[in-house]
file target_8.csv (CSV, C-alpha atoms)
chain,number,residue,atom,x,y,z
A,119,MET,CA,-34.4,24.4,-6.5
A,120,ARG,CA,-31.4,26.3,-5.4
A,121,LYS,CA,-30.7,23.9,-2.5
A,122,TYR,CA,-30.8,20.9,-4.8
A,123,VAL,CA,-28.4,22.5,-7.2
A,124,ALA,CA,-26.2,23.4,-4.3
A,125,GLU,CA,-26.1,19.8,-3.1
A,126,ALA,CA,-25.2,18.6,-6.6
A,127,LEU,CA,-22.4,21.2,-6.9
A,128,GLY,CA,-21.1,20.6,-3.4
A,129,THR,CA,-20.9,16.8,-4.0
A,130,PHE,CA,-19.2,17.4,-7.3
A,131,VAL,CA,-16.5,19.5,-5.6
A,132,LEU,CA,-16.0,17.0,-2.8
A,133,VAL,CA,-15.6,14.1,-5.2
A,134,PHE,CA,-13.6,16.0,-7.8
A,135,GLY,CA,-11.3,17.4,-5.1
A,136,GLY,CA,-11.0,14.3,-3.0
A,137,VAL,CA,-11.1,11.4,-5.5
A,138,GLY,CA,-9.4,13.6,-8.1
A,139,SER,CA,-6.5,14.1,-5.7
A,140,ALA,CA,-6.2,10.4,-5.2
A,141,VAL,CA,-6.4,9.4,-8.8
A,142,LEU,CA,-4.4,12.3,-10.3
A,143,GLY,CA,-2.0,13.2,-7.5
A,144,GLY,CA,-2.0,10.3,-5.1
A,145,PRO,CA,1.6,9.2,-5.9
A,146,HIS,CA,2.8,12.7,-5.2
A,147,ILE,CA,0.8,13.8,-2.2
A,148,GLY,CA,0.2,10.5,-0.4
A,149,ILE,CA,-2.5,9.6,2.1
A,150,VAL,CA,-2.1,12.8,4.1
A,151,GLY,CA,-2.5,14.9,1.0
A,152,VAL,CA,-5.6,13.1,-0.1
A,153,SER,CA,-7.1,13.3,3.4
A,154,PHE,CA,-6.5,17.1,3.4
A,155,ALA,CA,-8.0,17.4,-0.1
A,156,PHE,CA,-11.2,15.8,1.1
A,157,GLY,CA,-11.3,17.9,4.3
A,158,LEU,CA,-10.6,21.2,2.5
A,159,SER,CA,-13.1,20.4,-0.2
A,160,LEU,CA,-15.8,19.9,2.5
A,161,LEU,CA,-14.7,23.0,4.4
A,162,ALA,CA,-14.9,25.2,1.3
A,163,MET,CA,-18.4,23.9,0.6
A,164,VAL,CA,-19.6,24.4,4.2
A,165,TYR,CA,-18.9,28.1,3.8
A,166,THR,CA,-20.2,28.2,0.2
A,167,ILE,CA,-23.4,26.2,0.1
A,168,GLY,CA,-24.0,25.7,3.9
A,169,PRO,CA,-26.4,28.7,4.1
A,170,ILE,CA,-28.2,27.4,1.0
A,171,SER,CA,-28.7,23.7,1.6
A,172,GLY,CA,-27.0,22.8,4.9
A,173,CYS,CA,-24.1,21.3,2.9
A,174,HIS,CA,-25.0,17.6,3.4
A,175,ILE,CA,-23.3,16.5,0.1
A,176,ASN,CA,-23.6,12.9,1.5
A,177,PRO,CA,-26.7,10.6,1.4
A,178,ALA,CA,-25.7,9.3,4.9
A,179,VAL,CA,-25.8,12.8,6.3
A,180,THR,CA,-29.2,13.4,4.6
A,181,LEU,CA,-30.5,10.2,6.2
A,182,GLY,CA,-29.3,11.3,9.6
A,183,VAL,CA,-31.1,14.6,9.2
A,184,LEU,CA,-34.2,12.9,8.0
A,185,LEU,CA,-34.2,10.5,11.0
A,186,ALA,CA,-33.7,13.5,13.3
A,187,ARG,CA,-36.9,14.9,11.7
A,188,LYS,CA,-35.1,18.0,10.5
A,189,MET,CA,-36.3,17.6,6.9
A,190,ASP,CA,-39.1,15.8,5.0
A,191,LEU,CA,-38.9,12.7,2.8
A,192,LYS,CA,-39.4,14.5,-0.5
A,193,ASP,CA,-36.5,16.9,0.2
A,194,ALA,CA,-34.3,14.0,1.4
A,195,ALA,CA,-35.0,12.0,-1.8
A,196,ILE,CA,-34.1,14.9,-4.1
A,197,TYR,CA,-31.0,15.7,-2.0
A,198,VAL,CA,-29.8,12.2,-2.5
A,199,PHE,CA,-30.5,12.2,-6.3
A,200,ALA,CA,-28.6,15.5,-6.6
A,201,GLN,CA,-25.7,14.2,-4.6
A,202,VAL,CA,-25.3,11.1,-6.7
A,203,ALA,CA,-25.6,13.0,-9.9
A,204,GLY,CA,-22.8,15.4,-8.8
A,205,ALA,CA,-20.6,12.5,-7.8
A,206,ILE,CA,-21.1,10.7,-11.2
A,207,VAL,CA,-20.3,13.9,-13.2
A,208,ALA,CA,-17.2,14.5,-11.1
A,209,SER,CA,-16.0,10.9,-11.5
A,210,GLY,CA,-16.5,11.0,-15.2
A,211,LEU,CA,-14.4,14.2,-15.5
A,212,ILE,CA,-11.7,12.7,-13.4
A,213,LEU,CA,-11.6,9.7,-15.7
A,214,PHE,CA,-11.5,11.9,-18.8
A,215,ILE,CA,-8.5,13.9,-17.4
A,216,ALA,CA,-6.7,10.8,-16.2
A,217,ASN,CA,-7.2,9.1,-19.6
A,218,SER,CA,-5.8,12.1,-21.5
A,219,THR,CA,-2.1,11.1,-20.9
A,220,ALA,CA,0.0,9.2,-23.4
A,221,VAL,CA,-0.3,6.0,-21.4
A,222,GLY,CA,-4.0,6.4,-20.8
A,223,TYR,CA,-6.0,5.2,-17.8
A,224,ILE,CA,-8.0,2.0,-17.5
A,225,ALA,CA,-10.5,2.5,-14.7
A,226,ALA,CA,-11.3,-1.2,-14.3
A,227,ALA,CA,-7.6,-2.0,-13.7
A,228,ARG,CA,-6.5,1.1,-11.7
A,229,GLY,CA,-9.7,1.6,-9.7
A,230,LEU,CA,-10.4,5.3,-10.1
A,231,GLY,CA,-10.4,5.7,-6.4
A,232,ALA,CA,-13.2,3.2,-5.9
A,233,ASN,CA,-13.8,1.7,-2.5
A,234,GLY,CA,-13.3,-2.0,-1.9
A,235,PHE,CA,-12.9,-4.8,0.6
A,236,GLY,CA,-11.0,-8.1,0.7
A,237,LEU,CA,-8.5,-8.2,-2.2
A,238,ARG,CA,-9.7,-4.8,-3.3
A,239,SER,CA,-9.0,-3.2,0.1
A,240,PRO,CA,-5.7,-1.2,0.1
A,241,GLY,CA,-4.6,-3.1,3.2
A,242,GLY,CA,-6.3,-6.4,2.4
A,243,TYR,CA,-8.9,-6.0,5.2
A,244,SER,CA,-11.9,-8.4,5.4
A,245,MET,CA,-15.5,-7.5,4.4
A,246,ALA,CA,-16.5,-7.5,8.1
A,247,ALA,CA,-13.7,-5.3,9.1
A,248,CYS,CA,-14.4,-2.8,6.3
A,249,PHE,CA,-18.1,-2.8,7.1
A,250,LEU,CA,-17.4,-2.0,10.8
A,251,ALA,CA,-14.9,0.6,9.9
A,252,GLU,CA,-17.3,2.4,7.5
A,253,VAL,CA,-20.1,2.4,10.1
A,254,ILE,CA,-17.8,3.8,12.9
A,255,LEU,CA,-16.1,6.4,10.6
A,256,THR,CA,-19.5,7.6,9.3
A,257,MET,CA,-20.7,8.1,12.9
A,258,PHE,CA,-17.8,10.4,13.7
A,259,LEU,CA,-17.5,12.0,10.2
A,260,VAL,CA,-14.5,14.4,10.9
A,261,LEU,CA,-13.4,14.3,7.4
A,262,THR,CA,-9.6,14.7,7.4
A,263,LEU,CA,-9.2,12.4,10.4
A,264,ILE,CA,-11.5,9.6,9.1
A,265,HIS,CA,-9.6,9.6,5.8
A,266,LEU,CA,-6.3,9.2,7.6
A,267,VAL,CA,-7.8,6.2,9.3
A,268,GLY,CA,-9.9,4.8,6.5
A,269,ILE,CA,-7.9,5.1,3.3
A,270,PRO,CA,-5.7,2.1,4.2
A,271,ILE,CA,-8.8,0.1,4.9
A,272,THR,CA,-11.4,0.8,2.2
A,273,ASN,CA,-10.1,4.0,0.4
A,274,THR,CA,-12.7,5.6,2.7
A,275,SER,CA,-16.3,6.0,1.6
A,276,VAL,CA,-18.5,7.2,4.5
A,277,ASN,CA,-20.5,8.6,1.6
A,278,PRO,CA,-22.6,6.5,-0.7
A,279,ALA,CA,-22.5,9.1,-3.5
A,280,ARG,CA,-18.7,9.3,-3.4
A,281,SER,CA,-18.7,5.5,-3.8
A,282,ILE,CA,-21.3,5.3,-6.6
A,283,GLY,CA,-19.6,7.8,-8.8
A,284,PRO,CA,-16.3,5.9,-9.4
A,285,ALA,CA,-17.9,2.5,-9.2
A,286,ILE,CA,-20.1,3.2,-12.3
A,287,PHE,CA,-17.0,3.8,-14.4
A,288,VAL,CA,-14.9,1.0,-12.9
A,289,GLY,CA,-17.7,-1.6,-13.2
A,290,GLY,CA,-17.0,-5.2,-12.4
A,291,TRP,CA,-15.7,-5.7,-8.8
A,292,ALA,CA,-16.5,-2.1,-7.9
A,293,LEU,CA,-20.2,-2.5,-8.6
A,294,GLN,CA,-20.2,-5.9,-6.9
A,295,GLN,CA,-18.8,-4.5,-3.7
A,296,LEU,CA,-20.7,-1.2,-3.9
A,297,TRP,CA,-23.5,-2.5,-1.6
A,298,LEU,CA,-21.2,-2.3,1.4
A,299,PHE,CA,-20.3,1.3,0.8
A,300,ILE,CA,-24.0,2.2,0.5
A,301,VAL,CA,-25.3,0.2,3.5
A,302,ALA,CA,-22.5,0.7,6.0
A,303,PRO,CA,-22.5,4.6,5.9
A,304,LEU,CA,-26.3,4.6,6.1
A,305,VAL,CA,-26.1,2.3,9.2
A,306,GLY,CA,-23.6,4.6,10.7
A,307,ALA,CA,-25.8,7.6,10.1
A,308,ALA,CA,-28.8,5.9,11.6
A,309,VAL,CA,-26.8,4.9,14.7
A,310,ALA,CA,-25.5,8.5,15.0
A,311,ALA,CA,-29.1,9.8,14.7
A,312,GLY,CA,-30.2,7.4,17.4
A,313,PHE,CA,-27.4,8.6,19.7
A,314,TYR,CA,-28.4,12.2,19.0
A,315,ALA,CA,-32.0,11.5,19.8
A,316,GLY,CA,-31.0,9.9,23.1
A,317,ILE,CA,-28.7,12.6,24.4
A,318,ARG,CA,-30.3,15.8,23.0
A,319,LEU,CA,-32.2,18.0,25.4
A,320,PRO,CA,-36.0,17.9,24.9
A,321,ASP,CA,-37.5,20.9,23.2
A,322,THR,CA,-39.0,23.3,25.7
A,323,VAL,CA,-42.6,24.1,25.0
A,324,ILE,CA,-43.6,27.6,26.1
A,325,THR,CA,-47.3,28.3,26.6
A,326,THR,CA,-49.0,31.5,25.4
A,327,GLN,CA,-49.4,32.6,29.0
A,328,GLN,CA,-45.7,32.1,29.8
A,329,GLY,CA,-44.8,34.0,26.7
A,330,GLU,CA,-47.0,36.9,27.6
A,331,ARG,CA,-45.6,37.1,31.1
A,332,ALA,CA,-42.1,37.0,29.8
A,333,LEU,CA,-42.9,39.8,27.3
A,334,ALA,CA,-44.5,41.9,30.0
A,335,SER,CA,-41.5,41.4,32.3
A,336,GLU,CA,-39.1,42.4,29.5
A,337,GLN,CA,-41.2,45.5,28.7
A,338,ALA,CA,-41.2,46.6,32.4
A,339,GLU,CA,-37.5,46.1,32.6
A,340,ARG,CA,-36.9,48.2,29.5
A,341,GLY,CA,-39.2,50.9,31.0
A,342,LYS,CA,-37.1,51.1,34.2
A,343,MET,CA,-33.9,51.4,32.1
A,344,GLU,CA,-35.3,54.2,30.0
A,345,SER,CA,-36.5,56.1,33.0

call {"tool": "encode", "arguments": {"input": "target_8.csv", "output": "structure tokens"}}
result
Amino acid sequence: MRKYVAEALGTFVLVFGGVGSAVLGGPHIGIVGVSFAFGLSLLAMVYTIGPISGCHINPAVTLGVLLARKMDLKDAAIYVFAQVAGAIVASGLILFIANSTAVGYIAAARGLGANGFGLRSPGGYSMAACFLAEVILTMFLVLTLIHLVGIPITNTSVNPARSIGPAIFVGGWALQQLWLFIVAPLVGAAVAAGFYAGIRLPDTVITTQQGERALASEQAERGKMES
């Protein structure tokens, strides 16, 4: 249970720190500031929850780990549920804070940091370009760097949970375009897992006899050193 709570908390921090910086501080800190907010949020969670859950905080990462056969399907499903829940809670709180000003905040009009393509892309990039960008950026998932590249294209997803959270509150166009920001990161994760499987060294299987010989050799070496 602790690892599932850790994933929910970690995703909450990532979305609240990253999307929150874009929504609440974007005009003051710019793309570089938002990129660092995402990167530092992830870094903090790596040290905080990494020993507990592995700090996936991203369904695409969880898919990659699953495809690499480093976790089972049940754990992966609960991880994804926890990640999406954390992202939704974080997005709701960001909207609450943004809406507390005198002028208010209309999520459907201002976007709440949701991802988009075509007319909803910050730079007006096409659906195909945005899909390709999300796949490639997910494959290389170096968070501060990919946000510097990806924010002008799609607002940078590379994380389905990060996209689902704001889209639920924005509705309309954000929900209509959400499929791309679920599918493309998952494709990128699957491709990365495939590359990993192709280049990783095969596991070395040691027989019982080999182990016993190695142990005997080590014991003999220790005996010589002690004498």

call {"tool": "atom_distance", "arguments": {"input": "target_8.csv", "atom1": "atom CA of Thr274 of chain A", "atom2": "atom CA of Gly222 of chain A"}}
result
25.1 Å

call {"tool": "atom_distance", "arguments": {"input": "target_8.csv", "atom1": "atom CA of Gly144 of chain A", "atom2": "atom CA of Ala232 of chain A"}}
result
13.3 Å

call {"tool": "closest_atom_pairs", "arguments": {"input": "target_8.csv", "of": "segment 220-278 of chain A", "to": "segment 119-135 of chain A", "cutoff": "12 Å", "atoms": "all atoms listed in the file", "output": "Markdown table"}}
result
| residue | atom | partner | partner_atom | distance |
| --- | --- | --- | --- | --- |
| A:Leu230 | CA | A:Val133 | CA | 11.3 |
| A:Gly231 | CA | A:Val133 | CA | 10.0 |
| A:Ala232 | CA | A:Val133 | CA | 11.2 |
| A:Leu261 | CA | A:Leu132 | CA | 10.9 |
| A:Thr274 | CA | A:Val133 | CA | 12.0 |
| A:Ser275 | CA | A:Val133 | CA | 10.6 |
| A:Asn277 | CA | A:Thr129 | CA | 9.9 |
| A:Pro278 | CA | A:Thr129 | CA | 10.9 |

call {"tool": "closest_residue", "arguments": {"input": "target_8.csv", "among": "A:Gly289, A:Gly316, A:Gly306, A:Gly151", "to": "Leu259 of chain A", "atoms": "all atoms listed in the file"}}
result
A:Gly306

call {"tool": "atom_distance", "arguments": {"input": "target_8.csv", "atom1": "atom CA of Phe154 of chain A", "atom2": "atom CA of Ile167 of chain A"}}
result
19.5 Å

call {"tool": "residues_around", "arguments": {"input": "target_8.csv", "residues": "segment 237-250 of chain A", "least_positions_apart": "5", "cutoff": "9 Å", "atoms": "all atoms listed in the file", "output": "list in words"}}
result
Leu255, Gly268, Ile269, Pro270, Ile271, Thr272, Asn273, Trp291, Ala292, Leu298, Phe299, Val301, Ala302 and Pro303 of chain A

call {"tool": "residues_around", "arguments": {"input": "target_8.csv", "residues": "Ser153 of chain A", "least_positions_apart": "5", "cutoff": "10 Å", "atoms": "only C-alpha atoms", "output": "PyMOL selection string"}}
result
chain A and resi 136-137+139-140+147-148+158-159+261-269+274

call {"tool": "residues_around", "arguments": {"input": "target_8.csv", "residues": "Gln201 of chain A", "least_positions_apart": "2", "cutoff": "7 Å", "atoms": "only C-alpha atoms", "output": "JSON, numbers by chain"}}
result
{"A": [125, 126, 129, 175, 176, 197, 198, 199, 203, 204, 205, 279]}

call {"tool": "closest_residue", "arguments": {"input": "target_8.csv", "among": "A:Gly172, A:Gly290, A:Pro177, A:Gly182", "to": "Gly229 of chain A", "atoms": "only C-alpha atoms"}}
result
A:Gly290

call {"tool": "axis_aligned_box", "arguments": {"input": "target_8.csv", "around": "segment 147-163 of chain A", "padding_each_side": "6 Å", "output": "lines of an AutoDock Vina configuration file"}}
result
center_x = -8.8
center_y = 17.4
center_z = 1.1
size_x = 31.2
size_y = 27.6
size_z = 18.6

call {"tool": "closest_residue", "arguments": {"input": "target_8.csv", "among": "A:Leu293, A:Ala308, A:Leu211, A:Val152", "to": "Phe235 of chain A", "atoms": "only C-alpha atoms"}}
result
A:Leu293

call {"tool": "build_atoms", "arguments": {"input": "target_8.csv", "residues": "segment 147-165 of chain A", "atoms": "N, CA and C atoms", "output": "tab-separated table (two decimals), keeping the file's coordinate frame"}}
result
chain	number	residue	atom	x	y	z
A	147	ILE	N	1.23	13.16	-3.43
A	147	ILE	CA	0.80	13.80	-2.20
A	147	ILE	C	0.55	12.78	-1.06
A	148	GLY	N	0.38	11.50	-1.39
A	148	GLY	CA	0.20	10.50	-0.40
A	148	GLY	C	-1.13	10.53	0.35
A	149	ILE	N	-1.26	9.68	1.36
A	149	ILE	CA	-2.50	9.60	2.10
A	149	ILE	C	-2.84	10.89	2.82
A	150	VAL	N	-1.85	11.52	3.40
A	150	VAL	CA	-2.10	12.80	4.10
A	150	VAL	C	-2.62	13.84	3.18
A	151	GLY	N	-2.01	13.95	2.01
A	151	GLY	CA	-2.50	14.90	1.00
A	151	GLY	C	-3.88	14.68	0.57
A	152	VAL	N	-4.21	13.43	0.30
A	152	VAL	CA	-5.60	13.10	-0.10
A	152	VAL	C	-6.57	13.38	0.99
A	153	SER	N	-6.19	13.07	2.22
A	153	SER	CA	-7.10	13.30	3.40
A	153	SER	C	-7.37	14.82	3.48
A	154	PHE	N	-6.34	15.63	3.33
A	154	PHE	CA	-6.50	17.10	3.40
A	154	PHE	C	-7.36	17.59	2.22
A	155	ALA	N	-7.20	16.96	1.07
A	155	ALA	CA	-8.00	17.40	-0.10
A	155	ALA	C	-9.48	17.16	0.17
A	156	PHE	N	-9.84	16.02	0.74
A	156	PHE	CA	-11.20	15.80	1.10
A	156	PHE	C	-11.70	16.79	2.16
A	157	GLY	N	-10.89	16.98	3.20
A	157	GLY	CA	-11.30	17.90	4.30
A	157	GLY	C	-11.42	19.32	3.83
A	158	LEU	N	-10.49	19.80	3.01
A	158	LEU	CA	-10.60	21.20	2.50
A	158	LEU	C	-11.70	21.38	1.55
A	159	SER	N	-11.98	20.36	0.75
A	159	SER	CA	-13.10	20.40	-0.20
A	159	SER	C	-14.42	20.60	0.60
A	160	LEU	N	-14.56	19.80	1.65
A	160	LEU	CA	-15.80	19.90	2.50
A	160	LEU	C	-15.84	21.26	3.17
A	161	LEU	N	-14.72	21.71	3.71
A	161	LEU	CA	-14.70	23.00	4.40
A	161	LEU	C	-15.11	24.13	3.49
A	162	ALA	N	-14.59	24.12	2.27
A	162	ALA	CA	-14.90	25.20	1.30
A	162	ALA	C	-16.43	25.14	1.01
A	163	MET	N	-17.01	23.95	0.91
A	163	MET	CA	-18.40	23.90	0.60
A	163	MET	C	-19.31	24.23	1.78
A	164	VAL	N	-18.83	23.98	2.99
A	164	VAL	CA	-19.60	24.40	4.20
A	164	VAL	C	-19.83	25.90	4.14
A	165	TYR	N	-18.78	26.64	3.80
A	165	TYR	CA	-18.90	28.10	3.80
A	165	TYR	C	-19.67	28.56	2.52
